[in-house]
Amino acid sequence: MKLILHITTKTLWNMAQRLGQYSASSLETEGFIHCSTPAQVVAVAERFYAGQHGLILLVLDSGRIQAEVKYEAGTDKPDEL
């Protein structure tokens, strides 16, 4: 199993558990949910979640994901976002 990681807040995860499903806001606005590989996740956390509290890391079972999974290179240059 390839590890696929997703950073979210504990509040959103708790709400998803009550509702029986999870969806990130990027699914509606961008058409996908941002995830990371283990090699990317620290840099993603430092760049996009620095100083935030109450974060959790979800580990997704790649075998249970029904949507297409696309791997794209990240960028470490802010002007390329």
# chains A, B, ... in the order shown; residues from 1 in each chain; ligands from 1
call {"tool": "residues_around", "arguments": {"residues": "region 28-35 of chain A", "least_positions_apart": "4", "cutoff": "7 Å", "atoms": "only C-alpha atoms", "output": "list in words"}}
result
Ile4, Leu5, His6 and Ala24 of chain A
call {"tool": "write_last_selection", "arguments": {"atoms": "C-alpha atoms", "output": "PDB file, in the first residue's frame"}}
result
ATOM      1  CA  ILE A   4      -1.256   8.924   0.923  1.00  0.00           C
ATOM      2  CA  LEU A   5      -1.438  11.631   3.587  1.00  0.00           C
ATOM      3  CA  HIS A   6      -3.849  14.503   4.089  1.00  0.00           C
ATOM      4  CA  ALA A  24     -12.047  19.039   1.951  1.00  0.00           C
TER       5      ALA A  24
END
call {"tool": "residues_around", "arguments": {"residues": "Thr37 (chain A)", "least_positions_apart": "5", "cutoff": "12 Å", "atoms": "only C-alpha atoms", "output": "PDB file with C-alpha atoms, in the first residue's frame"}}
result
ATOM      1  CA  LYS A   2       1.327   3.431  -0.955  1.00  0.00           C
ATOM      2  CA  LEU A   3       0.863   5.924   1.845  1.00  0.00           C
ATOM      3  CA  ILE A   4      -1.256   8.924   0.923  1.00  0.00           C
ATOM      4  CA  LEU A   5      -1.438  11.631   3.587  1.00  0.00           C
ATOM      5  CA  HIS A   6      -3.849  14.503   4.089  1.00  0.00           C
ATOM      6  CA  ILE A   7      -3.573  17.332   6.617  1.00  0.00           C
ATOM      7  CA  VAL A  42       6.665  17.951   6.265  1.00  0.00           C
ATOM      8  CA  ALA A  43       7.359  20.631   3.654  1.00  0.00           C
ATOM      9  CA  VAL A  44       3.610  20.996   2.988  1.00  0.00           C
ATOM     10  CA  ALA A  45       2.903  21.357   6.709  1.00  0.00           C
ATOM     11  CA  LEU A  57      -2.675  13.815   9.666  1.00  0.00           C
ATOM     12  CA  LEU A  58      -4.970  11.375   7.915  1.00  0.00           C
ATOM     13  CA  VAL A  59      -3.427   8.247   6.419  1.00  0.00           C
ATOM     14  CA  LEU A  60      -5.487   7.124   3.454  1.00  0.00           C
ATOM     15  CA  SER A  62      -4.850   3.827  -1.369  1.00  0.00           C
ATOM     16  CA  VAL A  69      -5.151   9.463  -7.881  1.00  0.00           C
ATOM     17  CA  LYS A  70      -2.742  11.796  -9.668  1.00  0.00           C
ATOM     18  CA  TYR A  71       0.783  12.391  -8.435  1.00  0.00           C
ATOM     19  CA  GLU A  72       2.266  15.784  -9.213  1.00  0.00           C
ATOM     20  CA  ALA A  73       5.573  17.288  -8.246  1.00  0.00           C
ATOM     21  CA  GLY A  74       5.364  19.885  -5.511  1.00  0.00           C
TER      22      GLY A  74
END
call {"tool": "atom_distance", "arguments": {"atom1": "CA of Ile56 (chain A)", "atom2": "CA of Val41 (chain A)"}}
result
11.8 Å
call {"tool": "select_by_dssp", "arguments": {"residues": "region 22-64 of chain A", "states": "helix (DSSP H, G or I)", "output": "list in words"}}
result
Ser25, Ser26, Leu27, Glu28, Thr29, Glu30, Pro38, Ala39, Gln40, Val41, Val42, Ala43, Val44, Ala45, Glu46, Arg47, Phe48, Ser62, Gly63 and Arg64 of chain A
call {"tool": "write_last_selection", "arguments": {"atoms": "N, CA, C and O atoms", "output": "PDB file, in the first residue's frame"}}
result
ATOM      1  N   SER A  25     -12.551  21.367   1.463  1.00  0.00           N
ATOM      2  CA  SER A  25     -13.135  22.461   0.678  1.00  0.00           C
ATOM      3  C   SER A  25     -12.543  22.524  -0.726  1.00  0.00           C
ATOM      4  O   SER A  25     -13.212  22.968  -1.663  1.00  0.00           O
ATOM      5  N   SER A  26     -11.313  22.047  -0.901  1.00  0.00           N
ATOM      6  CA  SER A  26     -10.692  22.090  -2.227  1.00  0.00           C
ATOM      7  C   SER A  26     -11.402  21.178  -3.230  1.00  0.00           C
ATOM      8  O   SER A  26     -11.298  21.388  -4.434  1.00  0.00           O
ATOM      9  N   LEU A  27     -12.145  20.192  -2.761  1.00  0.00           N
ATOM     10  CA  LEU A  27     -12.874  19.333  -3.687  1.00  0.00           C
ATOM     11  C   LEU A  27     -13.899  20.148  -4.463  1.00  0.00           C
ATOM     12  O   LEU A  27     -14.038  19.991  -5.675  1.00  0.00           O
ATOM     13  N   GLU A  28     -14.569  21.045  -3.772  1.00  0.00           N
ATOM     14  CA  GLU A  28     -15.567  21.892  -4.442  1.00  0.00           C
ATOM     15  C   GLU A  28     -14.908  23.000  -5.259  1.00  0.00           C
ATOM     16  O   GLU A  28     -15.312  23.283  -6.372  1.00  0.00           O
ATOM     17  N   THR A  29     -13.886  23.625  -4.714  1.00  0.00           N
ATOM     18  CA  THR A  29     -13.283  24.776  -5.390  1.00  0.00           C
ATOM     19  C   THR A  29     -12.288  24.405  -6.480  1.00  0.00           C
ATOM     20  O   THR A  29     -12.134  25.137  -7.448  1.00  0.00           O
ATOM     21  N   GLU A  30     -11.598  23.254  -6.323  1.00  0.00           N
ATOM     22  CA  GLU A  30     -10.567  22.889  -7.285  1.00  0.00           C
ATOM     23  C   GLU A  30     -10.811  21.541  -7.965  1.00  0.00           C
ATOM     24  O   GLU A  30     -10.107  21.189  -8.908  1.00  0.00           O
ATOM     25  N   PRO A  38       4.671  10.698   1.980  1.00  0.00           N
ATOM     26  CA  PRO A  38       5.479  10.887   3.190  1.00  0.00           C
ATOM     27  C   PRO A  38       6.676  11.820   2.956  1.00  0.00           C
ATOM     28  O   PRO A  38       7.038  12.594   3.837  1.00  0.00           O
ATOM     29  N   ALA A  39       7.244  11.791   1.762  1.00  0.00           N
ATOM     30  CA  ALA A  39       8.400  12.644   1.461  1.00  0.00           C
ATOM     31  C   ALA A  39       8.013  14.120   1.348  1.00  0.00           C
ATOM     32  O   ALA A  39       8.853  14.998   1.527  1.00  0.00           O
ATOM     33  N   GLN A  40       6.765  14.417   1.062  1.00  0.00           N
ATOM     34  CA  GLN A  40       6.306  15.791   0.872  1.00  0.00           C
ATOM     35  C   GLN A  40       5.658  16.414   2.090  1.00  0.00           C
ATOM     36  O   GLN A  40       5.611  17.635   2.210  1.00  0.00           O
ATOM     37  N   VAL A  41       5.130  15.622   2.992  1.00  0.00           N
ATOM     38  CA  VAL A  41       4.198  16.126   4.001  1.00  0.00           C
ATOM     39  C   VAL A  41       4.812  17.143   4.968  1.00  0.00           C
ATOM     40  O   VAL A  41       4.139  18.103   5.350  1.00  0.00           O
ATOM     41  N   VAL A  42       6.057  16.986   5.334  1.00  0.00           N
ATOM     42  CA  VAL A  42       6.665  17.951   6.265  1.00  0.00           C
ATOM     43  C   VAL A  42       6.776  19.318   5.603  1.00  0.00           C
ATOM     44  O   VAL A  42       6.419  20.342   6.195  1.00  0.00           O
ATOM     45  N   ALA A  43       7.238  19.352   4.365  1.00  0.00           N
ATOM     46  CA  ALA A  43       7.359  20.631   3.654  1.00  0.00           C
ATOM     47  C   ALA A  43       5.991  21.276   3.449  1.00  0.00           C
ATOM     48  O   ALA A  43       5.843  22.493   3.584  1.00  0.00           O
ATOM     49  N   VAL A  44       4.980  20.478   3.147  1.00  0.00           N
ATOM     50  CA  VAL A  44       3.610  20.996   2.988  1.00  0.00           C
ATOM     51  C   VAL A  44       3.118  21.587   4.304  1.00  0.00           C
ATOM     52  O   VAL A  44       2.564  22.687   4.338  1.00  0.00           O
ATOM     53  N   ALA A  45       3.334  20.868   5.392  1.00  0.00           N
ATOM     54  CA  ALA A  45       2.903  21.357   6.709  1.00  0.00           C
ATOM     55  C   ALA A  45       3.605  22.665   7.064  1.00  0.00           C
ATOM     56  O   ALA A  45       2.963  23.602   7.540  1.00  0.00           O
ATOM     57  N   GLU A  46       4.889  22.719   6.825  1.00  0.00           N
ATOM     58  CA  GLU A  46       5.634  23.938   7.145  1.00  0.00           C
ATOM     59  C   GLU A  46       5.188  25.115   6.294  1.00  0.00           C
ATOM     60  O   GLU A  46       5.131  26.243   6.757  1.00  0.00           O
ATOM     61  N   ARG A  47       4.883  24.854   5.043  1.00  0.00           N
ATOM     62  CA  ARG A  47       4.547  25.934   4.121  1.00  0.00           C
ATOM     63  C   ARG A  47       3.117  26.436   4.262  1.00  0.00           C
ATOM     64  O   ARG A  47       2.847  27.625   4.225  1.00  0.00           O
ATOM     65  N   PHE A  48       2.175  25.520   4.397  1.00  0.00           N
ATOM     66  CA  PHE A  48       0.762  25.905   4.355  1.00  0.00           C
ATOM     67  C   PHE A  48       0.064  25.894   5.716  1.00  0.00           C
ATOM     68  O   PHE A  48      -1.036  26.432   5.841  1.00  0.00           O
ATOM     69  N   SER A  62      -4.806   3.625   0.076  1.00  0.00           N
ATOM     70  CA  SER A  62      -4.850   3.827  -1.369  1.00  0.00           C
ATOM     71  C   SER A  62      -5.700   2.771  -2.062  1.00  0.00           C
ATOM     72  O   SER A  62      -6.272   3.025  -3.127  1.00  0.00           O
ATOM     73  N   GLY A  63      -5.841   1.608  -1.478  1.00  0.00           N
ATOM     74  CA  GLY A  63      -6.657   0.553  -2.055  1.00  0.00           C
ATOM     75  C   GLY A  63      -8.152   0.809  -1.974  1.00  0.00           C
ATOM     76  O   GLY A  63      -8.934   0.172  -2.674  1.00  0.00           O
ATOM     77  N   ARG A  64      -8.557   1.740  -1.123  1.00  0.00           N
ATOM     78  CA  ARG A  64      -9.984   2.035  -0.961  1.00  0.00           C
ATOM     79  C   ARG A  64     -10.412   3.304  -1.680  1.00  0.00           C
ATOM     80  O   ARG A  64     -11.598   3.618  -1.737  1.00  0.00           O
TER      81      ARG A  64
END
call {"tool": "select_by_dssp", "arguments": {"residues": "chain A", "states": "strand (DSSP E or B)", "output": "MDAnalysis selection string"}}
result
chainID A and resid 3:9 36 55:61
call {"tool": "atom_distance", "arguments": {"atom1": "CA of Leu55 (chain A)", "atom2": "CA of Thr11 (chain A)"}}
result
8.6 Å
call {"tool": "atom_distance", "arguments": {"atom1": "CA of Ile65 (chain A)", "atom2": "CA of Tyr49 (chain A)"}}
result
24.7 Å
